[in-house]
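Have a look at the structure below, then the notes.
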Amino acid sequence: MIQKVTGLSMAVHEQLELYKHRYAPKPGNDTGRRVCIVTGIHGDELEGQYVAFLLGRRLKEHPEFLRCTVDVYPAMNPLGINTIQRGVPLFDLDMNRIFPGADDGPAVEYFAHKAVEDMRGADIAIDIHASNIFLRELPQVRISEETAPALVPLAKELNIDFVWVHAAATVLQSTLAHSLNAMGTKCLVVEMGVGMRLTRAYGEQLTEGILNLLRSQGFWSGETQQPRTPLVSKDEVAFLNAGAAGIFMPETLHGTHVRAGQVLGVIADPLTAEEKEVVTSPVDGLLFTLREYPVVYPGSLLARVLKQEVTA
Ligand SMILES: [Zn+2]
C-alpha cells in the first residue's frame, strides 16, 4: 500500500510530498515488528532507488514469507532527486544535517520531523547512501563506536563487504541514523557505489542482504543466500590524497586487494603531457574506496585502503 507520509505546500500550488510503500504481512503472520528502508536523503545518490525496486518486487512476489511490516521510503529528498542535487534545492540544505527536525521549525525541518515521527517505534532501519559523484565505494555499513555492540551483529547479516566502525567523535549528531538510534530504532547506514549512477550488482547484493537480515530476526521465512562475511574495521584505514592537481587515472580495479607500494593510479597534466604523481598504496589491504571523478586538486581524496594482512 502506498501512503503519503507528509507534504509541504510550495509557492505556486505545488506540493512537496513524501511517500512510502508499506508491505504488510498476511493476517496471522504479523510479529508486530517493523523495518524501515530509507534512501534518497541525498538527491544525487541513486543506488538505493534500485534496492527499493528490487526489494519491493521480492516482497510482492512472496508476501506469505513476510513476518513484519516493511516500510520503504525511496525518496526522502524528492526535490533533490528531481533536480540531480545532493541537498534540498531552494533551501540550500544538506537534509542529513537537520534531523530530527522540528514540528514548528522551517519547512524542511518540519518535513524531516514528520519523516522521523513516521519511523518512530520501528525495530530496524536501513539508510542507503551512494557516496557522491567523486568516489566509488564497496558495499559497506558505517557505524559509530557507541552503537557498535548493537549494530555490528545486524550489519554482518547484510551481505556487505565491509563494516567500518567510526570513533564516536566523528559521528554527526544531526543525521537520520543518529536520531533513530537515539529513539531506540537500530539504524544501519549503508554506503555503496557512486553518485548519480546505479550499480546493479551492488543493488542485488544488498537486496539479498536485507532479506537475510529480516530472516535472521524471524521477520522473513523465505530462503536467502548465505551472506558474505564482512571485514570489520576500527579505523585501520589508510587515506590517499592527491599531492598535485590534474587528471587522476586509476590503474588498479576497485574492490581488489592491493600490496604496499602497488600503483593505484597516476595524476597526469593534460597541458604539459607529464605525469605529475604516481599514487601508490602505503599498506597491504582492501581498496574499498576509489576515485571515480578524474579532476583532482592537492588534497582530493583518491582512495581508501583497509589495512589487512595479505597471505601468500
Ligand atoms: Zn549520502
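Residues are named by chain letter and number: chains run A, B, ... in the order of the C-alpha cells, numbers start at 1 in each chain, and ligands are numbered from 1 in the order shown.
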Could I get the residues of chain A with an atom no further than 7 Å from an atom of ligand 1, each paired with its nearest atom pair and that distance in Å to one decimal, using only C-alpha atoms and all ligand atoms, sorted by chain and residue number, as a tab-separated table?
residue	atom	partner	partner_atom_place_in_ligand_line	distance
A:Ile41	CA	ligand 1	1 (Zn)	6.5
A:His42	CA	ligand 1	1 (Zn)	4.9
A:Glu45	CA	ligand 1	1 (Zn)	6.3
A:His129	CA	ligand 1	1 (Zn)	4.3
A:Ala130	CA	ligand 1	1 (Zn)	5.8
A:Ser131	CA	ligand 1	1 (Zn)	5.7
Non-local contacts of Pro294 of chain A (9 Å; only C-alpha atoms; under 2 positions in same chain excluded) as a PDB file with C-alpha atoms, in the first residue's frame:
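File produced: selection11.pdb:
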ATOM      1  CA  PHE A 134      33.660  11.618  -6.869  1.00  0.00           C
ATOM      2  CA  GLY A 246      45.448  17.179 -12.666  1.00  0.00           C
ATOM      3  CA  ILE A 247      43.577  14.224 -14.093  1.00  0.00           C
ATOM      4  CA  PHE A 248      43.507  11.078 -11.958  1.00  0.00           C
ATOM      5  CA  MET A 249      43.501   7.780 -13.794  1.00  0.00           C
ATOM      6  CA  PRO A 250      43.158   4.596 -11.734  1.00  0.00           C
ATOM      7  CA  ILE A 267      47.785  12.103 -11.843  1.00  0.00           C
ATOM      8  CA  ARG A 291      38.252   7.989  -7.100  1.00  0.00           C
ATOM      9  CA  GLU A 292      35.685   7.950  -9.913  1.00  0.00           C
ATOM     10  CA  VAL A 296      41.679  16.402  -8.703  1.00  0.00           C
TER      11      VAL A 296
END
A:Ile2, A:Cys36, A:Val12, A:Val189 ranked by distance to Ser144 of chain A, top pick (using only C-alpha atoms) = A:Val189
Distance query Gln205 of chain A at most 9 Å, only C-alpha atoms, self and fewer than 6 positions along chain excluded, as a PyMOL selection string | chain A and resi 139+158-160
Skip segment 81-98 of chain A itself and residues of its chain fewer than 2 positions away, then list as a PDB file with N, CA and C atoms, in the first residue's frame all residues within 10 Å of it, counting only C-alpha atoms.
ATOM      1  N   GLY A  40      17.601   8.128  -0.590  1.00  0.00           N
ATOM      2  CA  GLY A  40      17.318   9.381  -1.277  1.00  0.00           C
ATOM      3  C   GLY A  40      17.382  10.612  -0.391  1.00  0.00           C
ATOM      4  N   ILE A  41      18.009  10.511   0.779  1.00  0.00           N
ATOM      5  CA  ILE A  41      18.219  11.717   1.600  1.00  0.00           C
ATOM      6  C   ILE A  41      19.119  12.681   0.830  1.00  0.00           C
ATOM      7  N   HIS A  42      20.120  12.115   0.156  1.00  0.00           N
ATOM      8  CA  HIS A  42      20.973  12.908  -0.743  1.00  0.00           C
ATOM      9  C   HIS A  42      20.472  12.656  -2.164  1.00  0.00           C
ATOM     10  N   GLY A  43      19.991  13.711  -2.808  1.00  0.00           N
ATOM     11  CA  GLY A  43      19.287  13.557  -4.076  1.00  0.00           C
ATOM     12  C   GLY A  43      20.131  13.070  -5.238  1.00  0.00           C
ATOM     13  N   ASP A  44      21.468  13.141  -5.091  1.00  0.00           N
ATOM     14  CA  ASP A  44      22.345  12.685  -6.180  1.00  0.00           C
ATOM     15  C   ASP A  44      22.831  11.257  -5.947  1.00  0.00           C
ATOM     16  N   GLU A  45      22.291  10.582  -4.942  1.00  0.00           N
ATOM     17  CA  GLU A  45      22.715   9.208  -4.631  1.00  0.00           C
ATOM     18  C   GLU A  45      21.566   8.275  -4.985  1.00  0.00           C
ATOM     19  N   LEU A  46      21.741   7.506  -6.044  1.00  0.00           N
ATOM     20  CA  LEU A  46      20.612   6.781  -6.631  1.00  0.00           C
ATOM     21  C   LEU A  46      20.672   5.270  -6.454  1.00  0.00           C
ATOM     22  N   ALA A  75      12.340   8.088  -1.605  1.00  0.00           N
ATOM     23  CA  ALA A  75      12.729   9.457  -1.981  1.00  0.00           C
ATOM     24  C   ALA A  75      12.522  10.403  -0.807  1.00  0.00           C
ATOM     25  N   MET A  76      13.479  10.377   0.125  1.00  0.00           N
ATOM     26  CA  MET A  76      13.373  11.254   1.297  1.00  0.00           C
ATOM     27  C   MET A  76      13.529  12.721   0.905  1.00  0.00           C
ATOM     28  N   ASN A  77      14.308  12.954  -0.140  1.00  0.00           N
ATOM     29  CA  ASN A  77      14.539  14.328  -0.608  1.00  0.00           C
ATOM     30  C   ASN A  77      14.082  14.402  -2.069  1.00  0.00           C
ATOM     31  N   PRO A  78      12.758  14.457  -2.290  1.00  0.00           N
ATOM     32  CA  PRO A  78      12.246  14.354  -3.666  1.00  0.00           C
ATOM     33  C   PRO A  78      12.719  15.496  -4.565  1.00  0.00           C
ATOM     34  N   LEU A  79      12.811  16.693  -4.014  1.00  0.00           N
ATOM     35  CA  LEU A  79      13.268  17.829  -4.844  1.00  0.00           C
ATOM     36  C   LEU A  79      14.700  17.612  -5.314  1.00  0.00           C
ATOM     37  N   PRO A 100      16.672  15.532  14.187  1.00  0.00           N
ATOM     38  CA  PRO A 100      15.326  15.005  13.932  1.00  0.00           C
ATOM     39  C   PRO A 100      14.310  16.034  13.443  1.00  0.00           C
ATOM     40  N   GLY A 101      14.768  17.224  13.065  1.00  0.00           N
ATOM     41  CA  GLY A 101      13.824  18.246  12.605  1.00  0.00           C
ATOM     42  C   GLY A 101      12.993  18.800  13.755  1.00  0.00           C
ATOM     43  N   ALA A 102      11.986  19.597  13.409  1.00  0.00           N
ATOM     44  CA  ALA A 102      11.143  20.213  14.436  1.00  0.00           C
ATOM     45  C   ALA A 102       9.755  20.480  13.867  1.00  0.00           C
ATOM     46  N   PRO A 106      11.433  25.520  10.409  1.00  0.00           N
ATOM     47  CA  PRO A 106      11.297  25.893   9.000  1.00  0.00           C
ATOM     48  C   PRO A 106      10.870  24.680   8.159  1.00  0.00           C
ATOM     49  N   ALA A 107      10.442  24.950   6.924  1.00  0.00           N
ATOM     50  CA  ALA A 107       9.795  23.937   6.086  1.00  0.00           C
ATOM     51  C   ALA A 107      10.506  22.585   6.061  1.00  0.00           C
ATOM     52  N   VAL A 108      11.799  22.591   5.752  1.00  0.00           N
ATOM     53  CA  VAL A 108      12.481  21.305   5.578  1.00  0.00           C
ATOM     54  C   VAL A 108      12.650  20.587   6.917  1.00  0.00           C
ATOM     55  N   GLU A 109      12.817  21.339   7.980  1.00  0.00           N
ATOM     56  CA  GLU A 109      12.907  20.716   9.312  1.00  0.00           C
ATOM     57  C   GLU A 109      11.581  20.071   9.697  1.00  0.00           C
ATOM     58  N   TYR A 110      10.501  20.724   9.329  1.00  0.00           N
ATOM     59  CA  TYR A 110       9.175  20.156   9.565  1.00  0.00           C
ATOM     60  C   TYR A 110       9.009  18.841   8.793  1.00  0.00           C
ATOM     61  N   PHE A 111       9.439  18.860   7.546  1.00  0.00           N
ATOM     62  CA  PHE A 111       9.377  17.684   6.665  1.00  0.00           C
ATOM     63  C   PHE A 111      10.184  16.531   7.288  1.00  0.00           C
ATOM     64  N   ALA A 112      11.403  16.841   7.746  1.00  0.00           N
ATOM     65  CA  ALA A 112      12.265  15.827   8.371  1.00  0.00           C
ATOM     66  C   ALA A 112      11.632  15.294   9.652  1.00  0.00           C
ATOM     67  N   HIS A 113      11.032  16.193  10.409  1.00  0.00           N
ATOM     68  CA  HIS A 113      10.389  15.803  11.663  1.00  0.00           C
ATOM     69  C   HIS A 113       9.260  14.813  11.408  1.00  0.00           C
ATOM     70  N   ASN A 132      29.228   9.780  -3.425  1.00  0.00           N
ATOM     71  CA  ASN A 132      28.989  11.029  -4.147  1.00  0.00           C
ATOM     72  C   ASN A 132      29.485  10.802  -5.571  1.00  0.00           C
ATOM     73  N   ILE A 133      29.539  11.839  -6.390  1.00  0.00           N
ATOM     74  CA  ILE A 133      29.966  11.592  -7.778  1.00  0.00           C
ATOM     75  C   ILE A 133      31.479  11.385  -7.879  1.00  0.00           C
ATOM     76  N   LEU A 172      28.192  12.464  13.442  1.00  0.00           N
ATOM     77  CA  LEU A 172      27.375  13.674  13.394  1.00  0.00           C
ATOM     78  C   LEU A 172      26.055  13.450  14.116  1.00  0.00           C
ATOM     79  N   GLN A 173      25.711  14.421  14.911  1.00  0.00           N
ATOM     80  CA  GLN A 173      24.509  14.303  15.751  1.00  0.00           C
ATOM     81  C   GLN A 173      23.224  14.496  14.963  1.00  0.00           C
ATOM     82  N   SER A 174      23.319  15.151  13.816  1.00  0.00           N
ATOM     83  CA  SER A 174      22.099  15.593  13.150  1.00  0.00           C
ATOM     84  C   SER A 174      21.704  14.712  11.971  1.00  0.00           C
ATOM     85  N   THR A 175      22.250  13.486  11.920  1.00  0.00           N
ATOM     86  CA  THR A 175      21.873  12.581  10.840  1.00  0.00           C
ATOM     87  C   THR A 175      20.607  11.817  11.207  1.00  0.00           C
ATOM     88  N   LEU A 176      19.977  11.266  10.187  1.00  0.00           N
ATOM     89  CA  LEU A 176      18.802  10.416  10.430  1.00  0.00           C
ATOM     90  C   LEU A 176      19.195   9.238  11.312  1.00  0.00           C
ATOM     91  N   ALA A 177      20.351   8.630  11.015  1.00  0.00           N
ATOM     92  CA  ALA A 177      20.764   7.433  11.758  1.00  0.00           C
ATOM     93  C   ALA A 177      20.940   7.754  13.239  1.00  0.00           C
ATOM     94  N   HIS A 178      21.578   8.875  13.535  1.00  0.00           N
ATOM     95  CA  HIS A 178      21.778   9.243  14.941  1.00  0.00           C
ATOM     96  C   HIS A 178      20.427   9.435  15.637  1.00  0.00           C
ATOM     97  N   SER A 179      19.516  10.137  14.972  1.00  0.00           N
ATOM     98  CA  SER A 179      18.196  10.376  15.569  1.00  0.00           C
ATOM     99  C   SER A 179      17.469   9.068  15.833  1.00  0.00           C
ATOM    100  N   GLY A 195      27.813   8.216  -6.811  1.00  0.00           N
ATOM    101  CA  GLY A 195      26.710   9.136  -7.030  1.00  0.00           C
ATOM    102  C   GLY A 195      26.245   9.169  -8.477  1.00  0.00           C
ATOM    103  N   MET A 196      24.965   9.445  -8.668  1.00  0.00           N
ATOM    104  CA  MET A 196      24.353   9.647  -9.994  1.00  0.00           C
ATOM    105  C   MET A 196      24.393   8.410 -10.886  1.00  0.00           C
TER     106      MET A 196
END
Can you list, as a list of chain:residue names, all residues belonging to segment 65-146 of chain A that DSSP tags as strand (DSSP E or B)?
->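 Here are the strand (DSSP E or B) residues of segment 65-146 of chain A: A:Leu66, A:Thr69, A:Val70, A:Asp71, A:Val72, A:Tyr73, A:Val88, A:Leu93, A:Ile124, A:Ala125, A:Ile126, A:Asp127, A:Ile128, A:His129, A:Leu135, A:Arg136, A:Glu137, A:Leu138, A:Pro139, A:Gln140, A:Val141, A:Arg142, A:Ile143, A:Ser144.
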Any chance you can output those residues with N, CA and C atoms as a compact mmCIF listing (two decimals), in the first residue's frame?
# COMPACT_ATOMS: atom_id res chain seq x y z
N LEU A 66 6.49 -12.95 4.64
CA LEU A 66 6.76 -11.75 5.45
C LEU A 66 6.15 -11.91 6.85
N THR A 69 6.18 -5.72 9.24
CA THR A 69 5.85 -4.65 8.29
C THR A 69 7.15 -4.06 7.76
N VAL A 70 7.23 -3.90 6.45
CA VAL A 70 8.39 -3.22 5.85
C VAL A 70 7.90 -1.93 5.20
N ASP A 71 8.43 -0.81 5.67
CA ASP A 71 8.12 0.50 5.07
C ASP A 71 9.30 0.94 4.22
N VAL A 72 9.07 1.17 2.93
CA VAL A 72 10.14 1.61 2.03
C VAL A 72 9.91 3.07 1.65
N TYR A 73 10.88 3.93 1.99
CA TYR A 73 10.84 5.36 1.67
C TYR A 73 11.91 5.61 0.60
N VAL A 88 18.84 19.86 -0.40
CA VAL A 88 17.46 20.23 -0.70
C VAL A 88 17.49 21.56 -1.45
N LEU A 93 20.22 23.17 1.77
CA LEU A 93 20.45 22.41 3.00
C LEU A 93 20.85 20.98 2.68
N ILE A 124 14.09 -1.77 13.23
CA ILE A 124 15.34 -1.63 12.48
C ILE A 124 15.10 -0.66 11.33
N ALA A 125 16.11 0.15 11.01
CA ALA A 125 16.06 0.99 9.81
C ALA A 125 17.37 0.82 9.05
N ILE A 126 17.27 0.87 7.73
CA ILE A 126 18.47 0.83 6.89
C ILE A 126 18.43 2.06 5.99
N ASP A 127 19.43 2.93 6.16
CA ASP A 127 19.52 4.19 5.43
C ASP A 127 20.59 4.02 4.34
N ILE A 128 20.14 3.96 3.09
CA ILE A 128 21.05 3.62 1.99
C ILE A 128 21.58 4.87 1.30
N HIS A 129 22.90 5.02 1.31
CA HIS A 129 23.57 6.13 0.64
C HIS A 129 24.44 5.59 -0.50
N LEU A 135 33.60 9.52 -5.65
CA LEU A 135 34.22 8.30 -5.10
C LEU A 135 33.30 7.10 -5.26
N ARG A 136 33.91 5.96 -5.60
CA ARG A 136 33.15 4.71 -5.68
C ARG A 136 33.46 3.88 -4.43
N GLU A 137 32.41 3.34 -3.82
CA GLU A 137 32.57 2.61 -2.56
C GLU A 137 32.11 1.17 -2.70
N LEU A 138 32.85 0.24 -2.08
CA LEU A 138 32.35 -1.13 -1.94
C LEU A 138 31.17 -1.10 -0.97
N PRO A 139 30.20 -1.99 -1.12
CA PRO A 139 29.07 -2.03 -0.17
C PRO A 139 29.58 -2.17 1.26
N GLN A 140 29.23 -1.19 2.07
CA GLN A 140 29.74 -1.15 3.45
C GLN A 140 28.72 -0.53 4.38
N VAL A 141 28.83 -0.87 5.66
CA VAL A 141 28.00 -0.24 6.69
C VAL A 141 28.91 0.56 7.59
N ARG A 142 28.50 1.80 7.88
CA ARG A 142 29.29 2.66 8.77
C ARG A 142 28.55 2.83 10.09
N ILE A 143 29.29 2.59 11.16
CA ILE A 143 28.68 2.51 12.49
C ILE A 143 29.52 3.32 13.46
N SER A 144 28.87 4.03 14.38
CA SER A 144 29.62 4.74 15.41
C SER A 144 30.02 3.76 16.50
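Relative to atom CA of Glu274 of chain A, atom CA of Ala242 of chain A is found at 15.6 Å.
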What does the distance between atom CA of Asp104 of chain A and atom CA of Leu8 of chain A come to in Å, to one decimal place?
->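 Atom CA of Asp104 of chain A sits 13.0 Å away from atom CA of Leu8 of chain A.
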Contacts of segment 19-35 of chain A within 10 Å, only C-alpha atoms, excl. fewer than 4 positions in-chain, as a PyMOL selection string | chain A and resi 1-7+52+56+59-60+63-76+78+115+118-126+185-187+214+217-220
